[in-house]
$ cat protein_10.csv   # CSV, C-alpha atoms (C1' of nucleotides)
chain,number,residue,atom,x,y,z
D,228,MET,CA,-3.6,5.6,60.1
D,229,GLU,CA,-3.6,5.5,63.8
D,230,LEU,CA,-2.0,2.6,65.4
D,231,GLN,CA,-3.0,2.2,68.9
D,232,ALA,CA,-0.8,-0.2,70.8
D,233,GLN,CA,-3.3,-0.4,73.5
D,234,GLN,CA,-2.7,-2.9,76.2
D,235,PRO,CA,-5.1,-5.7,76.1
D,236,THR,CA,-6.9,-5.7,79.4
D,237,GLU,CA,-6.8,-9.5,79.7
D,238,GLU,CA,-3.4,-11.0,79.2
D,239,GLY,CA,-2.9,-14.5,78.1
D,240,GLY,CA,-6.5,-15.0,77.4
D,241,SER,CA,-7.8,-18.4,78.2
D,242,ILE,CA,-4.9,-20.7,78.0
D,243,GLN,CA,-6.0,-23.9,79.6
D,244,ALA,CA,-3.9,-25.0,82.4
D,245,ALA,CA,-1.6,-27.6,81.3
D,246,ARG,CA,-2.1,-30.8,83.2
D,247,SER,CA,1.0,-30.7,85.2
D,248,SER,CA,1.6,-34.2,86.3
D,249,ALA,CA,4.5,-35.3,88.4
D,250,ASN,CA,6.6,-35.4,85.3
D,251,THR,CA,7.4,-31.9,84.3
D,252,PRO,CA,7.6,-31.5,80.6
D,253,ILE,CA,11.1,-30.6,79.6
D,254,ARG,CA,9.9,-28.3,76.9
D,255,PRO,CA,7.6,-25.3,77.4
D,256,THR,CA,5.0,-27.0,75.3
D,257,ASN,CA,1.8,-25.1,76.0
D,258,ASN,CA,2.9,-21.7,74.7
D,259,ARG,CA,1.4,-21.9,71.3
D,260,TRP,CA,-0.5,-18.9,70.1
D,261,THR,CA,-4.0,-19.2,68.7
D,262,PRO,CA,-5.8,-16.4,67.1
D,263,THR,CA,-8.9,-15.0,68.6
D,264,PRO,CA,-11.9,-14.8,66.3
D,265,ASP,CA,-11.3,-11.1,65.8
D,266,GLN,CA,-7.7,-11.5,65.0
D,267,LEU,CA,-8.5,-14.3,62.6
D,268,ARG,CA,-11.1,-12.4,60.8
D,269,ILE,CA,-8.9,-9.4,60.3
D,270,LEU,CA,-6.0,-11.6,59.1
D,271,GLN,CA,-8.3,-13.3,56.6
D,272,VAL,CA,-9.5,-9.9,55.4
D,273,LEU,CA,-6.0,-8.9,54.8
D,274,TYR,CA,-5.1,-12.1,53.1
D,275,TYR,CA,-8.1,-12.7,50.9
D,276,ASP,CA,-9.7,-9.3,50.4
D,277,LYS,CA,-6.7,-7.1,50.5
D,278,VAL,CA,-4.7,-9.8,48.8
D,279,LEU,CA,-1.8,-9.4,51.1
D,280,LYS,CA,0.2,-12.6,50.7
D,281,CYS,CA,3.7,-11.5,51.6
D,282,PRO,CA,3.7,-8.8,54.3
D,283,THR,CA,6.9,-6.9,54.7
D,284,PRO,CA,8.4,-6.8,58.2
D,285,GLU,CA,7.0,-3.3,58.6
D,286,GLN,CA,3.6,-4.5,57.6
D,287,ILE,CA,3.9,-7.4,60.0
D,288,GLN,CA,4.7,-5.1,62.8
D,289,GLU,CA,1.9,-2.8,62.0
D,290,ILE,CA,-0.6,-5.7,61.8
D,291,CYS,CA,0.6,-7.1,65.0
D,292,LEU,CA,0.2,-3.8,66.8
D,293,ASN,CA,-3.4,-3.5,65.5
D,294,LEU,CA,-4.2,-7.1,66.5
D,295,GLN,CA,-2.9,-6.6,70.0
D,296,GLN,CA,-6.1,-4.9,71.0
D,297,TYR,CA,-7.9,-8.2,70.4
D,298,GLY,CA,-5.6,-10.3,72.4
D,299,GLN,CA,-2.0,-11.3,72.9
D,300,ILE,CA,0.0,-11.6,69.7
D,301,GLU,CA,3.6,-11.2,68.6
D,302,ASP,CA,5.2,-10.4,65.3
D,303,LYS,CA,6.3,-13.9,64.7
D,304,ASN,CA,2.7,-15.1,65.0
D,305,VAL,CA,1.7,-12.9,62.2
D,306,PHE,CA,4.7,-13.9,60.2
D,307,PHE,CA,4.0,-17.6,60.6
D,308,TRP,CA,0.3,-17.2,60.0
D,309,PHE,CA,0.9,-15.7,56.5
D,310,GLN,CA,3.6,-18.2,55.7
D,311,ASN,CA,1.4,-21.1,56.7
D,312,LEU,CA,-1.6,-20.0,54.9
D,313,LYS,CA,0.4,-19.5,51.7
D,314,ALA,CA,2.1,-22.8,52.1
D,315,LEU,CA,-1.2,-24.6,52.6
D,316,GLU,CA,-2.7,-23.0,49.6
D,317,ARG,CA,0.2,-24.1,47.5
D,318,GLN,CA,0.2,-27.5,48.9
D,319,LYS,CA,-3.5,-28.0,48.2
D,320,LEU,CA,-3.1,-26.8,44.7
D,321,LYS,CA,-0.5,-29.4,44.1
D,322,GLU,CA,-2.4,-32.3,45.7
D,323,PHE,CA,-5.6,-31.5,44.1
D,324,GLN,CA,-4.3,-31.2,40.6
D,325,ASN,CA,-5.5,-34.1,38.6
D,326,VAL,CA,-2.7,-36.1,37.2
D,327,PRO,CA,-3.2,-38.4,34.2
D,328,VAL,CA,-3.5,-41.9,35.6
D,329,GLY,CA,-1.2,-43.2,32.9
D,330,GLY,CA,1.8,-42.6,35.1
D,331,SER,CA,4.3,-45.3,35.8
D,332,LEU,CA,4.1,-44.9,39.5
D,333,ASP,CA,2.0,-48.0,40.0
D,334,LEU,CA,5.1,-49.8,41.0
D,335,LEU,CA,3.8,-49.2,44.5
D,336,TRP,CA,1.1,-51.7,43.9
D,337,CYS,CA,3.1,-54.7,43.1
Z,256,MET,CA,-2.9,0.0,54.7
Z,257,GLU,CA,-6.2,-0.1,56.4
Z,258,LEU,CA,-6.5,-2.4,59.3
Z,259,GLN,CA,-9.9,-1.5,60.6
Z,260,ALA,CA,-12.2,-4.3,61.5
Z,261,GLN,CA,-14.3,-4.8,58.4
Z,262,GLN,CA,-16.8,-7.5,58.1
Z,263,PRO,CA,-15.8,-10.3,55.8
Z,264,THR,CA,-19.2,-10.4,54.3
Z,265,GLU,CA,-20.2,-14.0,55.0
Z,266,GLU,CA,-17.2,-15.9,53.7
Z,267,GLY,CA,-18.0,-19.4,52.6
Z,268,GLY,CA,-21.0,-19.7,54.8
Z,269,SER,CA,-21.2,-20.0,58.6
Z,270,ILE,CA,-20.0,-23.3,59.6
Z,271,GLN,CA,-20.8,-23.7,63.3
Z,272,ALA,CA,-18.0,-23.8,65.6
Z,273,ALA,CA,-17.7,-26.8,67.8
Z,274,ARG,CA,-15.9,-25.6,70.8
Z,275,SER,CA,-17.5,-24.1,73.8
Z,276,SER,CA,-15.0,-21.5,74.7
Z,277,ALA,CA,-15.7,-17.8,74.3
Z,278,ASN,CA,-13.0,-17.1,71.8
Z,279,THR,CA,-13.4,-20.0,69.6
Z,280,PRO,CA,-11.4,-20.3,66.5
Z,281,ILE,CA,-13.9,-21.5,64.0
Z,282,ARG,CA,-13.4,-25.1,63.0
Z,283,PRO,CA,-15.4,-26.9,60.4
Z,284,THR,CA,-15.3,-30.4,61.7
Z,285,ASN,CA,-18.0,-32.1,59.7
Z,286,ASN,CA,-18.3,-35.7,58.8
Z,287,ARG,CA,-14.9,-37.1,58.6
Z,288,TRP,CA,-13.4,-39.8,56.5
Z,289,THR,CA,-12.9,-43.3,57.9
Z,290,PRO,CA,-10.8,-45.8,56.0
Z,291,THR,CA,-12.4,-49.0,54.6
Z,292,PRO,CA,-10.7,-52.2,55.6
Z,293,ASP,CA,-9.1,-52.5,52.2
Z,294,GLN,CA,-7.9,-48.9,52.2
Z,295,LEU,CA,-6.5,-49.4,55.7
Z,296,ARG,CA,-4.7,-52.6,54.7
Z,297,ILE,CA,-3.1,-51.0,51.7
Z,298,LEU,CA,-2.1,-47.9,53.6
Z,299,GLN,CA,-0.4,-50.1,56.3
Z,300,VAL,CA,1.4,-52.1,53.7
Z,301,LEU,CA,2.8,-48.9,52.2
Z,302,TYR,CA,3.8,-47.6,55.6
Z,303,TYR,CA,5.2,-50.7,57.2
Z,304,ASP,CA,6.3,-53.0,54.3
Z,305,LYS,CA,7.3,-50.4,51.8
Z,306,VAL,CA,8.5,-48.1,54.6
Z,307,LEU,CA,6.8,-45.1,53.0
Z,308,LYS,CA,6.7,-42.6,55.9
Z,309,CYS,CA,6.7,-39.3,54.1
Z,310,PRO,CA,4.9,-39.6,50.8
Z,311,THR,CA,5.3,-36.7,48.4
Z,312,PRO,CA,2.3,-34.9,47.1
Z,313,GLU,CA,2.6,-36.9,43.9
Z,314,GLN,CA,2.6,-40.1,45.9
Z,315,ILE,CA,-0.2,-39.0,48.0
Z,316,GLN,CA,-2.3,-38.3,44.9
Z,317,GLU,CA,-1.4,-41.6,43.4
Z,318,ILE,CA,-2.2,-43.5,46.5
Z,319,CYS,CA,-5.5,-41.7,46.7
Z,320,LEU,CA,-6.4,-42.5,43.1
Z,321,ASN,CA,-5.7,-46.2,43.8
Z,322,LEU,CA,-7.6,-46.3,47.0
Z,323,GLN,CA,-10.7,-44.7,45.5
Z,324,GLN,CA,-11.7,-48.1,44.0
Z,325,TYR,CA,-12.2,-49.3,47.6
Z,326,GLY,CA,-14.3,-46.3,48.7
Z,327,GLN,CA,-14.5,-42.6,48.9
Z,328,ILE,CA,-11.2,-40.9,49.8
Z,329,GLU,CA,-9.5,-37.6,49.2
Z,330,ASP,CA,-5.9,-36.6,49.0
Z,331,LYS,CA,-6.0,-34.9,52.3
Z,332,ASN,CA,-7.2,-38.1,54.0
Z,333,VAL,CA,-4.1,-39.9,52.8
Z,334,PHE,CA,-1.9,-37.0,53.8
Z,335,PHE,CA,-3.3,-36.9,57.3
Z,336,TRP,CA,-3.2,-40.6,57.7
Z,337,PHE,CA,0.5,-40.7,57.2
Z,338,GLN,CA,1.1,-37.7,59.3
Z,339,ASN,CA,-0.9,-39.1,62.1
Z,340,LEU,CA,0.6,-42.5,62.1
Z,341,LYS,CA,4.1,-41.1,62.0
Z,342,ALA,CA,3.3,-38.7,64.9
Z,343,LEU,CA,1.8,-41.5,66.9
Z,344,GLU,CA,5.0,-43.6,66.5
Z,345,ARG,CA,7.1,-40.7,67.6
Z,346,GLN,CA,4.9,-40.1,70.5
Z,347,LYS,CA,5.1,-43.7,71.7
Z,348,LEU,CA,8.8,-43.7,71.2
Z,349,LYS,CA,9.1,-40.6,73.4
Z,350,GLU,CA,6.9,-42.2,76.1
Z,351,PHE,CA,9.2,-45.3,76.1
Z,352,GLN,CA,12.2,-43.1,76.5
Z,353,ASN,CA,10.6,-41.3,79.4
Z,354,VAL,CA,10.0,-44.4,81.3
Z,355,PRO,CA,11.9,-44.1,84.6
Z,356,VAL,CA,14.5,-46.8,84.4
Z,357,GLY,CA,13.6,-48.7,87.5
Z,358,GLY,CA,15.4,-51.8,86.4
Z,359,SER,CA,12.4,-53.6,85.1
Z,360,LEU,CA,12.4,-52.2,81.6
Z,361,ASP,CA,12.2,-55.7,80.1
Z,362,LEU,CA,8.6,-55.8,81.1
Z,363,LEU,CA,8.0,-53.6,78.2
Z,364,TRP,CA,9.2,-56.2,75.8
Z,365,CYS,CA,7.4,-59.3,77.0
T,77,DG,C1',-27.2,-43.9,75.4
T,78,DA,C1',-23.5,-42.3,78.4
T,79,DT,C1',-18.4,-42.9,78.5
T,80,DC,C1',-14.0,-44.1,76.6
T,81,DT,C1',-10.8,-44.7,73.1
T,82,DA,C1',-8.6,-44.4,68.7
T,83,DT,C1',-7.8,-41.5,65.2
T,84,DG,C1',-9.2,-37.9,61.6
T,85,DA,C1',-8.4,-33.1,61.2
T,86,DA,C1',-6.3,-28.8,62.1
T,87,DT,C1',-2.6,-25.6,62.5
T,88,DG,C1',1.2,-23.1,64.9
T,89,DA,C1',6.0,-23.6,64.7
T,90,DA,C1',10.2,-24.8,62.7
T,91,DC,C1',13.4,-27.1,59.6
T,92,DG,C1',16.5,-27.8,55.1
E,100,DC,C1',9.4,-21.8,50.3
E,101,DG,C1',8.1,-26.4,50.5
E,102,DT,C1',8.1,-29.7,53.8
E,103,DT,C1',8.0,-31.7,58.3
E,104,DC,C1',7.1,-31.8,63.3
E,105,DA,C1',4.3,-30.9,67.6
E,106,DT,C1',0.4,-30.5,69.9
E,107,DT,C1',-4.4,-29.9,70.2
E,108,DC,C1',-9.3,-30.4,69.1
E,109,DA,C1',-13.2,-33.1,67.7
E,110,DT,C1',-15.6,-37.2,66.9
E,111,DA,C1',-16.6,-42.0,64.8
E,112,DG,C1',-16.8,-46.4,66.8
E,113,DA,C1',-16.3,-49.4,70.5
E,114,DT,C1',-17.5,-50.7,75.0
E,115,DC,C1',-20.3,-51.1,79.0

$ encode --input "protein_10.csv" --output "structure tokens"
Amino acid sequence: MELQAQQPTEEGGSIQAARSSANTPIRPTNNRWTPTPDQLRILQVLYYDKVLKCPTPEQIQEICLNLQQYGQIEDKNVFFWFQNLKALERQKLKEFQNVPVGGSLDLLWC
Amino acid sequence: MELQAQQPTEEGGSIQAARSSANTPIRPTNNRWTPTPDQLRILQVLYYDKVLKCPTPEQIQEICLNLQQYGQIEDKNVFFWFQNLKALERQKLKEFQNVPVGGSLDLLWC
DNA sequence: GATCTATGAATGAACG
DNA sequence: CGTTCATTCATAGATC
């Protein structure tokens, strides 16, 4: 497999300019990565179609290198993306499981 | 591992994106839940009176089940409601802390 | 019926 | 890993 770490022509993409009022935010708030549609599509293919839930560090790096041709991205973004999606799925499973209503938790409704 | 861009073959239908930017992450954003007065009242009782700030998934589900008698509601609505209210409180707290102390802070408490 | 505001929803990042 | 925090986006409702 060829991994072209080609420099994306446009760097940074379309990060909206933070409204910089007189009060400078102490934290560098506006640095959050968001996947481009191409990046998102590929990530979803890997996760759902290829059933890649827990990429190794090597896989993360490889994915990152490939996705860089579609926009700015770092290893940690890939790492967090997989972690978050997995966590969300697990969470939704838990919340959507139907519990028998006969529980004794109705103490909340006193 | 194959990373080539492969079409995800129409996953889940094409929900139209709502943003206007070129690289728009697709976001569903269809009709959203709004709490009924009864639901809102109970949620506020739980949050403020019972000081329930971070309900567990089990609590979320139980709350949801109880609130369903007052109108349509899902687990994630309860989840987001608590998250948002807590976030709003933190945000307001931060704003108060960032007020330049010009000596007239007591105006905030009138 | 255009605009404003409050808030539902989403998710990247990070914590314990 | 499950949970929590942060910021942002989108829009239902209110207001004019």

$ atom_distance --input "protein_10.csv" --atom1 "atom C1' of E:DC108" --atom2 "atom CA of D:Lys280"
27.3 Å

$ residues_around --input "protein_10.csv" --residues "stretch 86-91 of chain T" --least-positions-apart "5" --cutoff "10 Å" --atoms "all atoms listed in the file" --output "list in words"
Arg259, Trp260, Thr261, Pro262, Lys303, Asn304, Phe307, Trp308, Asn311 and Leu312 of chain D; Arg282, Pro283, Thr284 and Phe335 of chain Z; DT102, DT103, DC104, DA105, DT106, DT107, DC108 and DA109 of chain E

$ interface_residues --input "protein_10.csv" --of "chain T" --to "chain Z" --cutoff "9 Å" --atoms "all atoms listed in the file" --output "PyMOL selection string"
chain T and resi 83-86

$ atom_distance --input "protein_10.csv" --atom1 "atom CA of Z:Ile315" --atom2 "atom CA of Z:Arg345"
21.0 Å

$ residues_near_point --input "protein_10.csv" --point "(1.8, -26.6, 47.0)" --cutoff "6 Å" --atoms "all atoms listed in the file" --output "list of chain:residue names"
D:Arg317, D:Gln318, D:Lys319, D:Leu320, D:Lys321

$ residues_near_point --input "protein_10.csv" --point "(-7.0, -45.4, 72.4)" --cutoff "12 Å" --atoms "all atoms listed in the file" --output "CSV table (one decimal) with C-alpha atoms (C1' of nucleotides), keeping the file's coordinate frame"
chain,number,residue,atom,x,y,z
Z,343,LEU,CA,1.8,-41.5,66.9
T,80,DC,C1',-14.0,-44.1,76.6
T,81,DT,C1',-10.8,-44.7,73.1
T,82,DA,C1',-8.6,-44.4,68.7
T,83,DT,C1',-7.8,-41.5,65.2
E,112,DG,C1',-16.8,-46.4,66.8
E,113,DA,C1',-16.3,-49.4,70.5

$ atom_distance --input "protein_10.csv" --atom1 "atom CA of Z:Leu298" --atom2 "atom CA of D:Lys313"
28.6 Å

$ residues_around --input "protein_10.csv" --residues "stretch 291-294 of chain Z" --least-positions-apart "4" --cutoff "12 Å" --atoms "only C-alpha atoms (C1' of nucleotides)" --output "number ranges by chain"
Z: 298-301, 318-329, 332-333, 336

$ closest_residue --input "protein_10.csv" --among "Z:Glu344, Z:Asp330, Z:Gln338, Z:Glu313" --to "chain E" --atoms "all atoms listed in the file"
Z:Gln338
